[in-house]
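Reading through the structure tokens given below for one structure.
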Amino acid sequence: MSGDPGGKGAFEAATGDGPPFTGDAEQRSREVRSALEGLRQIRRLTGTPGAGAGAVPALWERRQPVRAVALALEAGGLAASAVDPGGARVATGYRVRAGERPATAVVEWLGPPGSGAAGQETEALTACARVLGELGWEALLYKGPRGRRFLEAEPAGTAAGPVPS
């Protein structure tokens with residue numbers, strides 16, 4: 001899931017594992033806003049019982065948390081990391097990957113060697129958690145291997161319950 005850096009084809013939110021964006025920034029901004037509005041409409045139409053209309057992630061988001069979290073972060077104006085064709089990190093920003101449990105995603109702050117990403121991660125991940133919280137995701141900060149921090153995001157109010165198939 002690398003996004004659609006050239007602006008050709010279906011929209012994919014930037015996960016931080018794709019190539020650097022090289023397209024029209026204003027067009028991309030419109031696409032992100034449109035995708036977020038579509039997501040909000042899905043939430044309104046499929047509202048979770050006991051929650052305000054659109055306050056928590058919809059079933060679609062819980063089934064595809066990497067895509068949903070990446071969209072939330074990109075829509076929140078946060079920068080995604082990027083990799084070159086050989087897989088080397090070439091930009092500092094968030095990276096979203098699947099969590100170990102269903103309906104969860106992990107957010108890391110990564111960059112190329114010498115970029116200072118490790119020194120930025122606490123502040124940057126705090127900003128990511130704030131953006132996710134505004135869109136109904138709970139994001140908890142953890143310290144992983146080698147002392148690197150990461151977020152684990154899950155839909156608010158679900159306590160990682162089962163995701164219907």
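Residues are named by chain letter and number: chains run A, B, ... in the order of the structure tokens, numbers start at 1 in each chain, and ligands are numbered from 1 in the order shown.
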
Spatial neighbours of region 57-67 of chain A, 8 Å, only C-alpha atoms, chain gap at least 6 places, as a PyMOL selection string: chain A and resi 12-13+15+42-43+46-48+96-98+102-105+135-137+154-156+163+165

Taking N, CA and C atoms for each residue, export the selection above as a PDB file, in the first residue's frame.
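After the write, again-v4.pdb holds the following:
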ATOM      1  N   GLU A  12      -5.140   6.154  -2.570  1.00  0.00           N
ATOM      2  CA  GLU A  12      -4.619   5.397  -1.436  1.00  0.00           C
ATOM      3  C   GLU A  12      -3.928   6.383  -0.513  1.00  0.00           C
ATOM      4  N   ALA A  13      -4.279   6.330   0.751  1.00  0.00           N
ATOM      5  CA  ALA A  13      -3.606   7.193   1.727  1.00  0.00           C
ATOM      6  C   ALA A  13      -2.144   6.769   1.851  1.00  0.00           C
ATOM      7  N   THR A  15       1.013   5.549   3.516  1.00  0.00           N
ATOM      8  CA  THR A  15       1.319   4.779   4.725  1.00  0.00           C
ATOM      9  C   THR A  15       2.742   5.017   5.225  1.00  0.00           C
ATOM     10  N   ILE A  42     -19.638   7.653   5.604  1.00  0.00           N
ATOM     11  CA  ILE A  42     -19.815   6.244   5.973  1.00  0.00           C
ATOM     12  C   ILE A  42     -20.124   6.141   7.461  1.00  0.00           C
ATOM     13  N   ARG A  43     -19.391   6.885   8.264  1.00  0.00           N
ATOM     14  CA  ARG A  43     -19.621   6.860   9.709  1.00  0.00           C
ATOM     15  C   ARG A  43     -21.037   7.334  10.056  1.00  0.00           C
ATOM     16  N   THR A  46     -23.577   4.579   9.006  1.00  0.00           N
ATOM     17  CA  THR A  46     -23.473   3.285   9.677  1.00  0.00           C
ATOM     18  C   THR A  46     -23.249   3.438  11.167  1.00  0.00           C
ATOM     19  N   GLY A  47     -23.557   4.598  11.717  1.00  0.00           N
ATOM     20  CA  GLY A  47     -23.271   4.940  13.115  1.00  0.00           C
ATOM     21  C   GLY A  47     -23.289   3.778  14.087  1.00  0.00           C
ATOM     22  N   THR A  48     -22.338   3.777  14.986  1.00  0.00           N
ATOM     23  CA  THR A  48     -22.240   2.769  16.020  1.00  0.00           C
ATOM     24  C   THR A  48     -23.257   3.070  17.114  1.00  0.00           C
ATOM     25  N   VAL A  96       2.711   3.697   8.895  1.00  0.00           N
ATOM     26  CA  VAL A  96       1.624   2.914   9.478  1.00  0.00           C
ATOM     27  C   VAL A  96       1.741   1.487   8.981  1.00  0.00           C
ATOM     28  N   ARG A  97       1.645   0.553   9.911  1.00  0.00           N
ATOM     29  CA  ARG A  97       1.654  -0.872   9.558  1.00  0.00           C
ATOM     30  C   ARG A  97       0.605  -1.575  10.412  1.00  0.00           C
ATOM     31  N   ALA A  98       0.280  -2.784  10.040  1.00  0.00           N
ATOM     32  CA  ALA A  98      -0.721  -3.557  10.772  1.00  0.00           C
ATOM     33  C   ALA A  98      -0.235  -3.874  12.182  1.00  0.00           C
ATOM     34  N   PRO A 102      -6.334  -7.745  15.660  1.00  0.00           N
ATOM     35  CA  PRO A 102      -7.276  -7.235  14.655  1.00  0.00           C
ATOM     36  C   PRO A 102      -7.718  -5.810  14.998  1.00  0.00           C
ATOM     37  N   ALA A 103      -7.991  -5.025  13.985  1.00  0.00           N
ATOM     38  CA  ALA A 103      -8.495  -3.656  14.115  1.00  0.00           C
ATOM     39  C   ALA A 103      -7.481  -2.699  14.734  1.00  0.00           C
ATOM     40  N   THR A 104      -6.210  -3.082  14.758  1.00  0.00           N
ATOM     41  CA  THR A 104      -5.186  -2.179  15.295  1.00  0.00           C
ATOM     42  C   THR A 104      -4.152  -1.857  14.221  1.00  0.00           C
ATOM     43  N   ALA A 105      -3.524  -0.718  14.409  1.00  0.00           N
ATOM     44  CA  ALA A 105      -2.429  -0.295  13.536  1.00  0.00           C
ATOM     45  C   ALA A 105      -1.316   0.262  14.410  1.00  0.00           C
ATOM     46  N   LEU A 135     -10.336  11.798  15.485  1.00  0.00           N
ATOM     47  CA  LEU A 135     -11.125  10.995  14.557  1.00  0.00           C
ATOM     48  C   LEU A 135     -11.572   9.666  15.162  1.00  0.00           C
ATOM     49  N   GLY A 136     -11.586   9.581  16.499  1.00  0.00           N
ATOM     50  CA  GLY A 136     -12.155   8.420  17.161  1.00  0.00           C
ATOM     51  C   GLY A 136     -11.240   7.229  17.347  1.00  0.00           C
ATOM     52  N   TRP A 137      -9.937   7.457  17.263  1.00  0.00           N
ATOM     53  CA  TRP A 137      -8.979   6.380  17.495  1.00  0.00           C
ATOM     54  C   TRP A 137      -8.297   6.604  18.835  1.00  0.00           C
ATOM     55  N   GLU A 154      -6.224   1.931  17.999  1.00  0.00           N
ATOM     56  CA  GLU A 154      -7.396   1.079  17.853  1.00  0.00           C
ATOM     57  C   GLU A 154      -8.632   1.955  17.923  1.00  0.00           C
ATOM     58  N   PRO A 155      -9.742   1.488  17.351  1.00  0.00           N
ATOM     59  CA  PRO A 155     -10.960   2.289  17.396  1.00  0.00           C
ATOM     60  C   PRO A 155     -11.371   2.567  18.840  1.00  0.00           C
ATOM     61  N   ALA A 156     -11.720   3.790  19.147  1.00  0.00           N
ATOM     62  CA  ALA A 156     -12.121   4.171  20.500  1.00  0.00           C
ATOM     63  C   ALA A 156     -13.335   3.368  20.935  1.00  0.00           C
ATOM     64  N   VAL A 163     -13.685  -8.155  15.421  1.00  0.00           N
ATOM     65  CA  VAL A 163     -14.151  -7.427  14.238  1.00  0.00           C
ATOM     66  C   VAL A 163     -14.929  -8.424  13.395  1.00  0.00           C
ATOM     67  N   SER A 165     -16.536 -10.396  10.390  1.00  0.00           N
ATOM     68  CA  SER A 165     -16.033 -10.520   9.020  1.00  0.00           C
ATOM     69  C   SER A 165     -17.115 -10.374   8.002  1.00  0.00           C
TER      70      SER A 165
END

Write out as a ChimeraX atom specification the residues lying within 10 Å of Leu132 (chain A), counting only C-alpha atoms and excluding same-chain residues fewer than 6 positions away. /A:68-73,76,126,138-139,153-156

Take the residues from that selection and put them in a file with N, CA, C and O atoms, as a tab-separated table (two decimals), in the first residue's frame.
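Generated output (out.tsv):
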chain	number	residue	atom	x	y	z
A	68	ALA	N	-7.20	3.26	7.17
A	68	ALA	CA	-7.97	4.27	7.89
A	68	ALA	C	-7.06	5.19	8.71
A	68	ALA	O	-7.24	6.41	8.70
A	69	VAL	N	-6.10	4.61	9.41
A	69	VAL	CA	-5.18	5.42	10.22
A	69	VAL	C	-4.31	6.29	9.31
A	69	VAL	O	-4.08	7.47	9.61
A	70	ALA	N	-3.83	5.73	8.21
A	70	ALA	CA	-3.02	6.51	7.27
A	70	ALA	C	-3.82	7.69	6.73
A	70	ALA	O	-3.30	8.81	6.63
A	71	LEU	N	-5.09	7.47	6.39
A	71	LEU	CA	-5.93	8.57	5.91
A	71	LEU	C	-6.09	9.63	6.99
A	71	LEU	O	-5.97	10.83	6.72
A	72	ALA	N	-6.34	9.22	8.22
A	72	ALA	CA	-6.49	10.18	9.31
A	72	ALA	C	-5.23	11.03	9.48
A	72	ALA	O	-5.31	12.26	9.62
A	73	LEU	N	-4.07	10.40	9.44
A	73	LEU	CA	-2.81	11.13	9.63
A	73	LEU	C	-2.55	12.08	8.46
A	73	LEU	O	-2.15	13.23	8.67
A	76	GLY	N	-4.78	14.94	8.61
A	76	GLY	CA	-4.38	15.81	9.71
A	76	GLY	C	-3.17	16.68	9.39
A	76	GLY	O	-2.70	17.43	10.24
A	126	THR	N	3.19	12.22	19.48
A	126	THR	CA	2.16	12.90	20.27
A	126	THR	C	1.21	13.65	19.35
A	126	THR	O	-0.01	13.62	19.54
A	138	GLU	N	-8.09	5.53	19.59
A	138	GLU	CA	-7.28	5.59	20.80
A	138	GLU	C	-5.86	5.21	20.40
A	138	GLU	O	-5.66	4.19	19.75
A	139	ALA	N	-4.91	6.04	20.76
A	139	ALA	CA	-3.51	5.78	20.40
A	139	ALA	C	-2.66	5.83	21.65
A	139	ALA	O	-2.58	6.87	22.30
A	153	ALA	N	-2.71	2.07	17.67
A	153	ALA	CA	-4.00	2.73	17.50
A	153	ALA	C	-5.09	1.69	17.33
A	153	ALA	O	-4.91	0.70	16.61
A	154	GLU	N	-6.22	1.93	18.00
A	154	GLU	CA	-7.40	1.08	17.85
A	154	GLU	C	-8.63	1.96	17.92
A	154	GLU	O	-8.58	3.06	18.47
A	155	PRO	N	-9.74	1.49	17.35
A	155	PRO	CA	-10.96	2.29	17.40
A	155	PRO	C	-11.37	2.57	18.84
A	155	PRO	O	-11.34	1.67	19.68
A	156	ALA	N	-11.72	3.79	19.15
A	156	ALA	CA	-12.12	4.17	20.50
A	156	ALA	C	-13.33	3.37	20.93
A	156	ALA	O	-14.24	3.09	20.14

Could you tell me how far CA of Gln120 (chain A) sits from CA of Gly93 (chain A), in Å to one decimal place?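 Answer for the CA of Gly93 (chain A) to CA of Gln120 (chain A) separation: 9.6 Å.
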
Given only C-alpha atoms, how would the per-residue table for region 114-137 of chain A near region 79-83 of chain A read, listing every residue at most 12 Å away with its closest atom pair and distance in Å to one decimal, sorted by chain and number, as JSON lines?
{"residue": "A:Ser115", "atom": "CA", "partner": "A:Ser81", "partner_atom": "CA", "distance": 11.4}
{"residue": "A:Ala117", "atom": "CA", "partner": "A:Ser81", "partner_atom": "CA", "distance": 10.1}
{"residue": "A:Ala124", "atom": "CA", "partner": "A:Ala79", "partner_atom": "CA", "distance": 9.8}
{"residue": "A:Leu125", "atom": "CA", "partner": "A:Ala79", "partner_atom": "CA", "distance": 11.5}
{"residue": "A:Ala127", "atom": "CA", "partner": "A:Ala79", "partner_atom": "CA", "distance": 11.1}
{"residue": "A:Cys128", "atom": "CA", "partner": "A:Ala79", "partner_atom": "CA", "distance": 10.0}

Restricting it to C-alpha atoms, dump the selection as an mmCIF file, in the first residue's frame.
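For reference, part.cif as written:
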data_model
loop_
_atom_site.group_PDB
_atom_site.id
_atom_site.type_symbol
_atom_site.label_atom_id
_atom_site.label_comp_id
_atom_site.auth_asym_id
_atom_site.auth_seq_id
_atom_site.Cartn_x
_atom_site.Cartn_y
_atom_site.Cartn_z
ATOM 1 C CA SER A 115 17.746 12.490 9.791
ATOM 2 C CA ALA A 117 13.861 11.018 13.348
ATOM 3 C CA ALA A 124 5.788 13.744 16.392
ATOM 4 C CA LEU A 125 3.960 10.698 17.748
ATOM 5 C CA ALA A 127 0.900 14.969 17.326
ATOM 6 C CA CYS A 128 -0.143 11.754 15.545
#

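Our summary of the geometry notes that CA of Phe150 (chain A) is positioned 24.9 Å from CA of Pro85 (chain A).
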
Nearest candidate to Val90 (chain A) (options A:Leu39, A:Val107, A:Pro19, A:Leu78; using only C-alpha atoms):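 Smallest separation from Val90 (chain A) among the options: A:Pro19.
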
Which residue is closest to Arg148 (chain A)? Choose from A:Gly99, A:Gly133, A:Gly119, A:Pro20 and count only C-alpha atoms.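 Answer, going by the shortest atom-to-atom distance: A:Gly119.
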